[in-house]
$ cat model.csv   # CSV, C-alpha atoms
chain,number,residue,atom,x,y,z
A,568,MET,CA,-29.5,59.8,49.8
A,569,ASN,CA,-27.4,58.0,47.2
A,570,LEU,CA,-25.1,56.7,49.9
A,571,LEU,CA,-28.1,55.3,51.8
A,572,LYS,CA,-29.4,53.5,48.7
A,573,TRP,CA,-25.9,52.0,48.1
A,574,LEU,CA,-25.7,50.8,51.7
A,575,VAL,CA,-29.2,49.2,51.4
A,576,LYS,CA,-28.1,47.3,48.2
A,577,LEU,CA,-24.9,46.2,49.8
A,578,ILE,CA,-26.7,44.8,52.9
A,579,GLY,CA,-29.2,43.0,50.6
A,580,TYR,CA,-26.4,41.4,48.6
A,581,LEU,CA,-24.6,40.2,51.7
A,582,LEU,CA,-27.8,38.8,53.1
A,583,ARG,CA,-28.6,36.9,49.9
A,584,THR,CA,-25.0,35.5,49.7
A,585,LEU,CA,-25.1,34.4,53.4
A,586,THR,CA,-28.5,32.7,53.0
A,587,PHE,CA,-28.4,30.8,49.6
A,588,GLY,CA,-25.7,32.2,47.3
A,589,TRP,CA,-23.1,29.8,48.6
A,590,LEU,CA,-25.4,26.9,47.7
A,591,VAL,CA,-25.3,28.0,44.0
A,592,ASP,CA,-21.5,28.2,44.1
A,593,LEU,CA,-21.3,24.8,45.8
A,594,ALA,CA,-23.5,23.2,43.1
A,595,GLY,CA,-21.3,24.6,40.4
A,596,LEU,CA,-18.2,23.3,42.1
A,597,LEU,CA,-19.7,19.8,42.4
A,598,ARG,CA,-20.8,19.7,38.8
A,599,GLY,CA,-17.2,20.6,37.7
A,600,PHE,CA,-15.7,17.9,39.9
A,601,TRP,CA,-18.2,15.3,38.5
A,602,LYS,CA,-17.2,16.1,34.9
A,603,PHE,CA,-13.5,15.8,35.8
A,604,TRP,CA,-14.1,12.4,37.5
A,605,ARG,CA,-16.0,10.9,34.6
A,606,ALA,CA,-13.4,12.1,32.1
A,607,ALA,CA,-10.6,10.6,34.2
A,608,CYS,CA,-12.4,7.3,34.5
A,609,ALA,CA,-13.0,7.2,30.7
A,610,ARG,CA,-9.4,8.0,30.0
A,611,HIS,CA,-8.2,5.3,32.3
A,612,LYS,CA,-10.0,2.6,30.2
A,613,LEU,CA,-8.3,3.6,27.0
A,614,PRO,CA,-5.1,1.8,25.7
A,615,HIS,CA,-1.9,3.5,26.7
A,616,PRO,CA,-1.2,5.3,23.4
A,617,GLN,CA,-4.7,6.8,23.3
A,618,ARG,CA,-4.3,8.2,26.9
A,619,GLU,CA,-1.5,10.6,25.8
A,620,PRO,CA,-2.6,14.1,24.8
A,621,SER,CA,-2.4,14.6,21.0
A,622,THR,CA,0.1,17.4,21.5
A,623,CYS,CA,2.7,14.8,22.6
A,624,CYS,CA,2.5,13.0,19.3
A,625,ILE,CA,5.1,15.1,17.5
A,626,ARG,CA,6.7,13.9,14.3
A,627,THR,CA,10.3,15.0,14.3
A,628,THR,CA,12.7,15.4,11.5
A,629,HIS,CA,15.8,16.3,13.6
A,630,PRO,CA,18.9,14.7,12.2
A,631,SER,CA,19.7,13.0,15.5
A,632,VAL,CA,16.5,10.9,15.1
A,633,HIS,CA,17.3,7.9,12.8
A,634,ARG,CA,14.1,6.5,11.2
A,635,PRO,CA,13.7,3.4,9.1
A,636,ASP,CA,12.2,3.1,5.6
A,637,PRO,CA,11.0,-0.4,5.3
A,638,CYS,CA,9.9,-1.0,1.7
A,639,ILE,CA,8.9,-3.6,-0.9
A,640,TYR,CA,8.6,-3.4,-4.7
A,641,SER,CA,5.5,-1.1,-4.7
A,642,GLN,CA,3.8,-0.6,-8.0
A,643,ALA,CA,1.6,2.3,-6.8
A,644,TYR,CA,4.6,4.2,-5.4
A,645,LEU,CA,6.7,3.7,-8.5
A,646,MET,CA,3.8,4.8,-10.8
A,647,GLN,CA,3.5,8.0,-8.7
A,648,GLN,CA,7.1,8.7,-9.7
A,649,GLY,CA,6.2,8.2,-13.4
A,650,LEU,CA,8.0,4.9,-13.7
A,651,PRO,CA,6.8,1.9,-15.6
A,652,VAL,CA,6.0,-1.2,-13.5
A,653,THR,CA,5.5,-4.9,-13.7
A,654,TRP,CA,2.8,-6.7,-11.7
A,655,ASP,CA,5.0,-9.8,-11.6
A,656,ASN,CA,6.4,-8.6,-8.3
A,657,PRO,CA,10.1,-9.6,-7.8
A,658,ASP,CA,9.6,-9.4,-3.9
A,659,ILE,CA,6.7,-11.9,-3.7
A,660,VAL,CA,6.8,-15.6,-4.5
A,661,LEU,CA,4.7,-18.7,-3.7
A,662,ARG,CA,6.4,-22.0,-2.9
A,663,ARG,CA,5.2,-25.6,-2.5
A,664,GLY,CA,7.6,-28.0,-1.0
A,665,GLY,CA,10.3,-25.3,-1.3
A,666,VAL,CA,9.8,-24.9,-5.1
A,667,ILE,CA,8.5,-21.7,-6.6
A,668,VAL,CA,5.1,-22.0,-8.3
A,669,SER,CA,3.3,-19.6,-10.6
A,670,GLU,CA,0.0,-18.0,-9.4
A,671,HIS,CA,-1.8,-19.2,-12.5
A,672,ASP,CA,-1.0,-22.9,-11.6
A,673,LEU,CA,-2.5,-22.9,-8.1
A,674,LEU,CA,-4.5,-25.9,-7.0
A,675,PRO,CA,-7.7,-25.5,-4.9
A,676,ASN,CA,-7.7,-26.3,-1.2
A,677,THR,CA,-3.9,-26.6,-1.2
A,678,THR,CA,-1.4,-25.1,1.2
A,679,TYR,CA,1.4,-23.0,-0.2
A,680,ASP,CA,4.1,-20.8,1.4
A,681,VAL,CA,3.8,-17.1,0.5
A,682,GLU,CA,7.3,-15.5,0.8
A,683,ALA,CA,7.9,-11.7,0.8
A,684,THR,CA,11.3,-10.0,0.6
A,685,ILE,CA,11.4,-6.9,2.7
A,686,TRP,CA,14.0,-4.1,2.3
A,687,ASN,CA,15.1,-1.0,4.3
A,688,ASN,CA,15.9,2.1,2.4
A,689,SER,CA,17.5,3.8,5.4
A,690,TYR,CA,21.2,3.8,6.1
A,691,ASP,CA,20.7,4.8,9.8
A,692,GLY,CA,17.5,3.4,11.2
A,693,PRO,CA,16.8,-0.4,11.4
A,694,ALA,CA,13.1,-1.5,11.2
A,695,VAL,CA,12.4,-3.3,14.4
A,696,GLY,CA,9.1,-5.3,15.0
A,697,LEU,CA,7.9,-4.6,11.5
A,698,LYS,CA,4.4,-6.1,10.9
A,699,VAL,CA,3.9,-7.8,7.5
A,700,ASP,CA,0.2,-8.4,6.4
A,701,PHE,CA,-0.5,-10.9,3.6
A,702,SER,CA,-3.8,-11.0,1.7
A,703,PHE,CA,-5.1,-12.3,-1.6
A,704,LEU,CA,-7.5,-11.0,-4.2
A,705,SER,CA,-9.2,-12.6,-7.2
A,706,PHE,CA,-7.3,-11.8,-10.4
A,707,GLY,CA,-8.1,-8.3,-11.7
A,708,ILE,CA,-7.8,-4.7,-10.9
A,709,ALA,CA,-8.9,-3.3,-7.4
A,710,THR,CA,-10.8,-6.5,-6.5
A,711,VAL,CA,-11.7,-7.2,-2.8
A,712,SER,CA,-8.9,-8.3,-0.5
A,713,THR,CA,-9.1,-11.3,1.8
A,714,PRO,CA,-6.6,-11.7,4.7
A,715,ILE,CA,-4.1,-14.6,4.7
A,716,GLY,CA,-2.1,-13.9,7.8
A,717,SER,CA,0.5,-11.7,9.5
A,718,ALA,CA,4.1,-12.0,10.7
A,719,THR,CA,6.7,-9.7,12.2
A,720,THR,CA,10.3,-9.2,11.3
A,721,ASN,CA,13.4,-7.0,11.8
A,722,VAL,CA,15.2,-5.4,8.9
A,723,GLY,CA,18.7,-4.0,9.2
A,724,VAL,CA,19.9,-0.8,7.7
A,725,LYS,CA,20.6,-0.5,4.0
A,726,GLY,CA,23.9,-2.2,3.0
A,727,SER,CA,24.1,-4.3,6.1
A,728,ALA,CA,24.1,-8.1,6.4
A,729,LEU,CA,20.7,-7.9,8.1
A,730,GLN,CA,18.8,-7.0,5.0
A,731,PRO,CA,16.8,-7.9,3.1
A,732,ALA,CA,14.5,-9.9,5.5
A,733,ARG,CA,12.3,-12.7,4.2
A,734,VAL,CA,9.0,-13.4,5.7
A,735,THR,CA,6.8,-16.5,5.0
A,736,VAL,CA,3.3,-17.4,6.0
A,737,PRO,CA,1.3,-20.5,5.0
A,738,TRP,CA,-1.8,-20.1,2.8
A,739,THR,CA,-4.4,-22.7,2.0
A,740,THR,CA,-6.1,-21.7,-1.3
A,741,PRO,CA,-9.9,-21.5,-1.5
A,742,ALA,CA,-11.8,-24.7,-2.4
A,743,THR,CA,-13.2,-23.1,-5.5
A,744,PRO,CA,-10.7,-23.1,-8.3
A,745,GLY,CA,-9.6,-19.7,-9.6
A,746,HIS,CA,-6.8,-17.4,-10.3
A,747,PHE,CA,-5.6,-15.2,-7.4
A,748,CYS,CA,-3.1,-12.4,-6.7
A,749,ILE,CA,-1.1,-11.7,-3.6
A,750,GLN,CA,-0.7,-8.4,-1.6
A,751,VAL,CA,1.9,-7.6,1.0
A,752,LEU,CA,1.5,-4.6,3.3
A,753,LEU,CA,4.2,-3.3,5.8
A,754,SER,CA,3.1,-1.4,8.9
A,755,GLY,CA,3.8,-0.9,12.6
A,756,THR,CA,7.0,1.1,12.7
A,757,ASP,CA,8.1,4.8,12.6
A,758,ASP,CA,8.3,4.8,8.8
A,759,SER,CA,10.0,7.7,7.1
A,760,ASN,CA,8.2,6.9,3.8
A,761,PRO,CA,4.9,4.8,4.2
A,762,ASN,CA,4.1,5.2,0.5
A,763,ASN,CA,6.4,2.3,-0.6
A,764,ASN,CA,4.8,-0.3,1.8
A,765,LEU,CA,2.3,-2.1,-0.5
A,766,GLY,CA,3.4,-4.6,-3.1
A,767,GLN,CA,1.2,-6.8,-5.3
A,768,ASN,CA,1.9,-9.9,-7.4
A,769,ASN,CA,-0.8,-10.1,-10.1
A,770,VAL,CA,0.3,-12.3,-13.1
A,771,ASP,CA,-1.4,-14.6,-15.6
A,772,VAL,CA,0.0,-16.7,-18.5
A,773,VAL,CA,-2.0,-17.0,-21.7
A,774,ALA,CA,-1.0,-19.2,-24.7
A,775,ALA,CA,-1.5,-17.5,-28.1
A,776,ALA,CA,-2.9,-20.2,-30.4
A,777,SER,CA,-3.5,-17.4,-32.9
A,778,PRO,CA,-4.5,-14.3,-31.1
A,779,ALA,CA,-4.5,-14.6,-27.2
A,780,HIS,CA,-7.9,-13.9,-25.6
A,781,PHE,CA,-8.3,-13.2,-21.9
A,782,SER,CA,-10.3,-11.0,-19.5
A,783,PHE,CA,-9.9,-9.5,-16.0
A,784,PRO,CA,-12.4,-7.6,-13.7
A,785,LEU,CA,-12.0,-3.9,-13.0
A,786,ARG,CA,-13.6,-2.6,-9.9
A,787,ASN,CA,-14.0,1.1,-8.8
A,788,PRO,CA,-12.4,1.2,-5.3
A,789,PHE,CA,-13.0,5.0,-4.9
A,790,ALA,CA,-15.8,6.7,-3.0
A,791,LYS,CA,-17.2,8.4,-6.0
A,792,ALA,CA,-18.0,7.6,-9.7
A,793,MET,CA,-14.8,7.6,-11.7
A,794,ARG,CA,-13.9,7.3,-15.4
A,795,PHE,CA,-11.2,4.7,-16.0
A,796,ARG,CA,-8.8,4.3,-18.9
A,797,ILE,CA,-6.8,1.1,-19.4
A,798,GLU,CA,-3.1,1.7,-20.4
A,799,VAL,CA,-0.8,-1.0,-21.6
A,800,ASP,CA,3.0,-1.4,-22.1
A,801,THR,CA,5.5,-4.2,-22.3
A,802,TYR,CA,7.9,-3.2,-19.6
A,803,ARG,CA,10.0,-5.9,-17.9
A,804,LEU,CA,12.4,-5.4,-15.0
A,805,PRO,CA,15.9,-5.2,-16.4
A,806,ASP,CA,18.7,-7.3,-15.0
A,807,PRO,CA,20.2,-5.7,-11.9
A,808,GLU,CA,23.6,-4.1,-12.2
A,809,PRO,CA,26.5,-6.0,-10.6
A,810,CYS,CA,27.5,-5.0,-7.1
A,811,GLY,CA,30.9,-3.6,-6.4
A,812,PRO,CA,32.7,-0.4,-7.5
A,813,LYS,CA,30.8,2.4,-9.3
A,814,PRO,CA,30.1,1.3,-12.9
A,815,GLN,CA,31.4,4.6,-14.2
A,816,ARG,CA,34.5,6.2,-12.7
A,817,GLY,CA,33.7,9.6,-11.2
A,818,GLU,CA,30.0,9.1,-11.3
A,819,SER,CA,28.2,10.7,-8.3
A,820,ARG,CA,25.3,9.0,-6.5
A,821,THR,CA,22.8,11.6,-8.0
A,822,GLU,CA,24.1,10.9,-11.5
A,823,ARG,CA,23.9,7.2,-11.0
A,824,ILE,CA,20.3,7.5,-9.8
A,825,ARG,CA,19.4,9.5,-12.9
A,826,ARG,CA,21.0,7.0,-15.2
A,827,ILE,CA,19.2,4.1,-13.6
A,828,ASP,CA,15.9,6.0,-13.6
A,829,ALA,CA,16.3,6.7,-17.4
A,830,ARG,CA,17.1,3.0,-17.9
A,831,HIS,CA,13.8,1.9,-16.4
A,832,ARG,CA,11.7,4.6,-18.1
A,833,ALA,CA,13.1,3.7,-21.5
A,834,GLY,CA,12.4,-0.1,-21.3
A,835,GLY,CA,9.4,-1.6,-23.0
A,836,VAL,CA,7.0,1.4,-23.0
A,837,GLY,CA,4.3,1.1,-25.7
A,838,ILE,CA,3.4,-1.8,-28.0
A,839,PRO,CA,6.2,-3.2,-30.2
A,840,PRO,CA,5.8,-3.1,-34.0
A,841,GLY,CA,3.9,-6.1,-35.4
A,842,TRP,CA,1.7,-6.6,-32.2
A,843,ASN,CA,-1.9,-5.7,-32.0
A,844,VAL,CA,-3.7,-5.2,-28.7
A,845,LEU,CA,-7.5,-4.6,-28.5
A,846,ILE,CA,-9.0,-3.6,-25.1
A,847,ASN,CA,-12.8,-3.6,-24.7
A,848,PRO,CA,-13.8,-1.3,-23.1
A,849,ARG,CA,-10.7,0.9,-23.1
A,850,GLU,CA,-12.5,3.6,-21.2
A,851,ILE,CA,-15.5,3.3,-18.8
A,852,THR,CA,-17.2,5.2,-16.0
A,853,LEU,CA,-18.0,3.1,-12.9
A,854,ASP,CA,-20.0,3.9,-9.7
A,855,PRO,CA,-18.3,3.2,-6.4
A,856,GLY,CA,-17.9,-0.5,-5.9
A,857,ALA,CA,-19.1,-1.3,-9.4
A,858,GLU,CA,-17.2,-3.9,-11.4
A,859,VAL,CA,-16.9,-4.7,-15.1
A,860,SER,CA,-15.0,-7.3,-17.2
A,861,ILE,CA,-12.3,-6.0,-19.4
A,862,ASP,CA,-11.8,-8.2,-22.5
A,863,VAL,CA,-8.4,-8.2,-24.2
A,864,THR,CA,-7.2,-9.7,-27.5
A,865,VAL,CA,-3.5,-9.8,-28.2
A,866,THR,CA,-2.3,-10.7,-31.7
A,867,PRO,CA,1.4,-11.4,-32.0
A,868,PRO,CA,3.4,-11.2,-35.3
A,869,ASP,CA,3.4,-14.4,-37.3
A,870,ASP,CA,7.0,-15.2,-36.6
A,871,PHE,CA,6.7,-14.7,-32.8
A,872,HIS,CA,7.9,-17.5,-30.5
A,873,GLY,CA,8.6,-17.4,-26.8
A,874,SER,CA,7.0,-15.1,-24.3
A,875,LYS,CA,6.0,-11.4,-24.0
A,876,ASN,CA,4.9,-9.5,-21.0
A,877,PHE,CA,2.0,-7.0,-21.2
A,878,ASN,CA,1.2,-4.7,-18.3
A,879,PHE,CA,-2.4,-3.3,-18.0
A,880,ALA,CA,-3.0,-0.5,-15.6
A,881,ALA,CA,-6.3,1.4,-14.8
A,882,TRP,CA,-6.0,5.2,-14.4
A,883,ALA,CA,-8.7,7.6,-13.2
A,884,GLU,CA,-8.2,11.3,-12.7
A,885,GLY,CA,-4.4,10.9,-12.4
A,886,ALA,CA,-4.7,8.0,-9.8
A,887,THR,CA,-4.1,4.4,-10.5
A,888,ALA,CA,-6.5,1.7,-9.2
A,889,GLY,CA,-4.0,-1.1,-9.9
A,890,GLY,CA,-3.0,-3.4,-12.7
A,891,VAL,CA,-2.2,-6.9,-14.0
A,892,THR,CA,0.6,-8.4,-16.0
A,893,VAL,CA,-0.2,-11.0,-18.6
A,894,VAL,CA,2.5,-13.2,-20.2
A,895,VAL,CA,1.6,-14.1,-23.8
A,896,THR,CA,3.4,-17.3,-24.9
A,897,ARG,CA,3.8,-19.2,-28.1
A,898,ALA,CA,5.8,-22.4,-28.6
$ encode --input "model.csv" --output "structure tokens"
Amino acid sequence: MNLLKWLVKLIGYLLRTLTFGWLVDLAGLLRGFWKFWRAACARHKLPHPQREPSTCCIRTTHPSVHRPDPCIYSQAYLMQQGLPVTWDNPDIVLRRGGVIVSEHDLLPNTTYDVEATIWNNSYDGPAVGLKVDFSFLSFGIATVSTPIGSATTNVGVKGSALQPARVTVPWTTPATPGHFCIQVLLSGTDDSNPNNNLGQNNVDVVAAASPAHFSFPLRNPFAKAMRFRIEVDTYRLPDPEPCGPKPQRGESRTERIRRIDARHRAGGVGIPPGWNVLINPREITLDPGAEVSIDVTVTPPDDFHGSKNFNFAAWAEGATAGGVTVVVTRA
């Protein structure tokens, strides 16, 4: 009896399959083919780098692969290392008629040449086809950037005759008079350290009749409300050491780096005796995109003559939003 029931079910299954079951399977096969065809067409329209599967984009650290490290004097990167910085960037200058001009003396609606010096910190991998983007901001901290132009260059390995590279783009200043700072960003190569690719030149000069008064805007560039604190020091880049043999006989490369690092950390941190610097507000909480004016009064000693650099940086939760350098002068 059980065998008879089993045979009846088997015959029924075979009859259903022969009459309409194959239609269900064919419909499923056609749906799968249609999905594959649409995906292939969409993939064909993508640029070549996006067509490759993500598993092919493997970042390798094998010693046989020589990767470049294009870099510029990058304040953000140096501050991450705990080093003092100046916003008077040694790798960014403006020229007019071949003569270097100061940012605080720029004329409106006038064409200047913005020149960036680009380095390569790799002894093995040259930077080929490096893209250099130039932009400007209004004077201040974390203000909005406006593009100037781009250029490409090649930078040889460290120590070679093909570095540094110098890249120049023309820039016509806005018709409205103002004080501006320049940013330079490096991109477009297999960079072993992309953290040292952004440099900024952000300098003003203020004469101290008695005290020196000036102000600069501070903007919150982060995606959440942040509490900022303004820090100040008088660091200036020391003169470079002469090239040639090691300055100290028997000194290893690691020892030399430590000595140079200590030399920079020790220079011009804090406010010198006899100077008084008032910052208002010194601390403030800003919503995302909000901006406030920071007012500063610098009172030099009575016997001061010459110039003194003051570097102001905005910190929030261990991160820096940027900074400015102000040169206080007195004849």
$ closest_atom_pairs --input "model.csv" --of "region 672-788 of chain A" --to "region 638-655 of chain A" --cutoff "8 Å" --atoms "all atoms listed in the file" --output "Markdown table"
| residue | atom | partner | partner_atom | distance |
| --- | --- | --- | --- | --- |
| A:Thr684 | CA | A:Ile639 | CA | 7.0 |
| A:Ile685 | CA | A:Ile639 | CA | 5.5 |
| A:Trp686 | CA | A:Cys638 | CA | 5.2 |
| A:Asn687 | CA | A:Cys638 | CA | 5.8 |
| A:Asn688 | CA | A:Cys638 | CA | 6.8 |
| A:Leu753 | CA | A:Cys638 | CA | 7.4 |
| A:Asn762 | CA | A:Tyr644 | CA | 6.0 |
| A:Asn763 | CA | A:Cys638 | CA | 5.3 |
| A:Asn764 | CA | A:Cys638 | CA | 5.1 |
| A:Leu765 | CA | A:Ser641 | CA | 5.4 |
| A:Gly766 | CA | A:Ser641 | CA | 4.4 |
| A:Gln767 | CA | A:Trp654 | CA | 6.6 |
| A:Asn768 | CA | A:Asp655 | CA | 5.2 |
| A:Asn769 | CA | A:Trp654 | CA | 5.2 |
| A:Val770 | CA | A:Asp655 | CA | 5.5 |
$ atom_distance --input "model.csv" --atom1 "CA of Asp800 (chain A)" --atom2 "CA of Val836 (chain A)"
5.0 Å
$ residues_around --input "model.csv" --residues "Glu682 (chain A)" --least-positions-apart "6" --cutoff "10 Å" --atoms "all atoms listed in the file" --output "list in words"
Asp658, Ile659, Val660, Leu661, Arg662, Ile667, Phe701, Arg733, Val734, Thr735, Val736, Pro737 and Val751 of chain A
$ atom_distance --input "model.csv" --atom1 "CA of Ile797 (chain A)" --atom2 "CA of Val891 (chain A)"
10.7 Å
$ residues_near_point --input "model.csv" --point "(2.8, -9.2, -33.2)" --cutoff "12 Å" --atoms "only C-alpha atoms" --output "compact mmCIF listing (two decimals) with C-alpha atoms, in the coordinates of the input"
# COMPACT_ATOMS: atom_id res chain seq x y z
CA ALA A 775 -1.50 -17.50 -28.10
CA SER A 777 -3.50 -17.40 -32.90
CA PRO A 778 -4.50 -14.30 -31.10
CA ALA A 779 -4.50 -14.60 -27.20
CA ILE A 838 3.40 -1.80 -28.00
CA PRO A 839 6.20 -3.20 -30.20
CA PRO A 840 5.80 -3.10 -34.00
CA GLY A 841 3.90 -6.10 -35.40
CA TRP A 842 1.70 -6.60 -32.20
CA ASN A 843 -1.90 -5.70 -32.00
CA VAL A 844 -3.70 -5.20 -28.70
CA THR A 864 -7.20 -9.70 -27.50
CA VAL A 865 -3.50 -9.80 -28.20
CA THR A 866 -2.30 -10.70 -31.70
CA PRO A 867 1.40 -11.40 -32.00
CA PRO A 868 3.40 -11.20 -35.30
CA ASP A 869 3.40 -14.40 -37.30
CA ASP A 870 7.00 -15.20 -36.60
CA PHE A 871 6.70 -14.70 -32.80
CA HIS A 872 7.90 -17.50 -30.50
CA GLY A 873 8.60 -17.40 -26.80
CA SER A 874 7.00 -15.10 -24.30
CA LYS A 875 6.00 -11.40 -24.00
CA VAL A 895 1.60 -14.10 -23.80
CA THR A 896 3.40 -17.30 -24.90
CA ARG A 897 3.80 -19.20 -28.10
$ closest_residue --input "model.csv" --among "A:Asn656, A:Asn847, A:Ser754, A:Ser712" --to "Phe783 (chain A)" --atoms "all atoms listed in the file"
A:Asn847
$ atom_distance --input "model.csv" --atom1 "CA of Ala718 (chain A)" --atom2 "CA of Gly696 (chain A)"
9.4 Å
$ residues_around --input "model.csv" --residues "Ser759 (chain A)" --least-positions-apart "2" --cutoff "7 Å" --atoms "all atoms listed in the file" --output "ChimeraX atom specification"
/A:634-636,757,761
$ closest_residue --input "model.csv" --among "A:Gly726, A:Pro714, A:Pro744, A:Gly707" --to "Phe879 (chain A)" --atoms "only C-alpha atoms"
A:Gly707
$ closest_residue --input "model.csv" --among "A:Leu704, A:Leu845, A:Ile827, A:Val893" --to "Thr740 (chain A)" --atoms "all atoms listed in the file"
A:Leu704
$ decode --input "model.csv" --residues "region 873-888 of chain A" --atoms "N, CA and C atoms" --output "short mmCIF file (atom, residue, chain, number, x, y, z; two decimals), in the first residue's frame"
data_model
loop_
_atom_site.label_atom_id
_atom_site.label_comp_id
_atom_site.auth_asym_id
_atom_site.auth_seq_id
_atom_site.Cartn_x
_atom_site.Cartn_y
_atom_site.Cartn_z
N GLY A 873 62.84 96.32 16.36
CA GLY A 873 63.06 95.22 15.42
C GLY A 873 61.76 94.49 15.14
N SER A 874 61.81 93.17 15.08
CA SER A 874 60.62 92.38 14.79
C SER A 874 60.61 91.12 15.65
N LYS A 875 59.39 90.65 15.94
CA LYS A 875 59.21 89.46 16.76
C LYS A 875 58.03 88.67 16.22
N ASN A 876 58.24 87.37 15.99
CA ASN A 876 57.18 86.51 15.47
C ASN A 876 56.35 85.92 16.60
N PHE A 877 55.02 85.94 16.43
CA PHE A 877 54.10 85.29 17.35
C PHE A 877 53.22 84.34 16.55
N ASN A 878 53.22 83.07 16.97
CA ASN A 878 52.43 82.04 16.29
C ASN A 878 51.21 81.69 17.14
N PHE A 879 50.02 81.83 16.56
CA PHE A 879 48.77 81.54 17.24
C PHE A 879 48.15 80.30 16.60
N ALA A 880 47.83 79.30 17.42
CA ALA A 880 47.22 78.06 16.93
C ALA A 880 45.97 77.76 17.74
N ALA A 881 44.94 77.26 17.06
CA ALA A 881 43.68 76.89 17.71
C ALA A 881 43.64 75.38 17.90
N TRP A 882 43.45 74.94 19.14
CA TRP A 882 43.37 73.52 19.47
C TRP A 882 41.98 73.16 19.98
N ALA A 883 41.51 71.96 19.61
CA ALA A 883 40.21 71.48 20.09
C ALA A 883 40.29 69.97 20.24
N GLU A 884 40.16 69.49 21.47
CA GLU A 884 40.16 68.05 21.76
C GLU A 884 41.40 67.36 21.17
N GLY A 885 42.55 67.98 21.30
CA GLY A 885 43.79 67.40 20.83
C GLY A 885 44.07 67.56 19.36
N ALA A 886 43.15 68.18 18.61
CA ALA A 886 43.35 68.41 17.17
C ALA A 886 43.52 69.90 16.93
N THR A 887 44.29 70.24 15.91
CA THR A 887 44.48 71.65 15.58
C THR A 887 43.63 72.03 14.38
N ALA A 888 43.02 73.21 14.46
CA ALA A 888 42.24 73.73 13.33
C ALA A 888 43.09 74.58 12.41
#
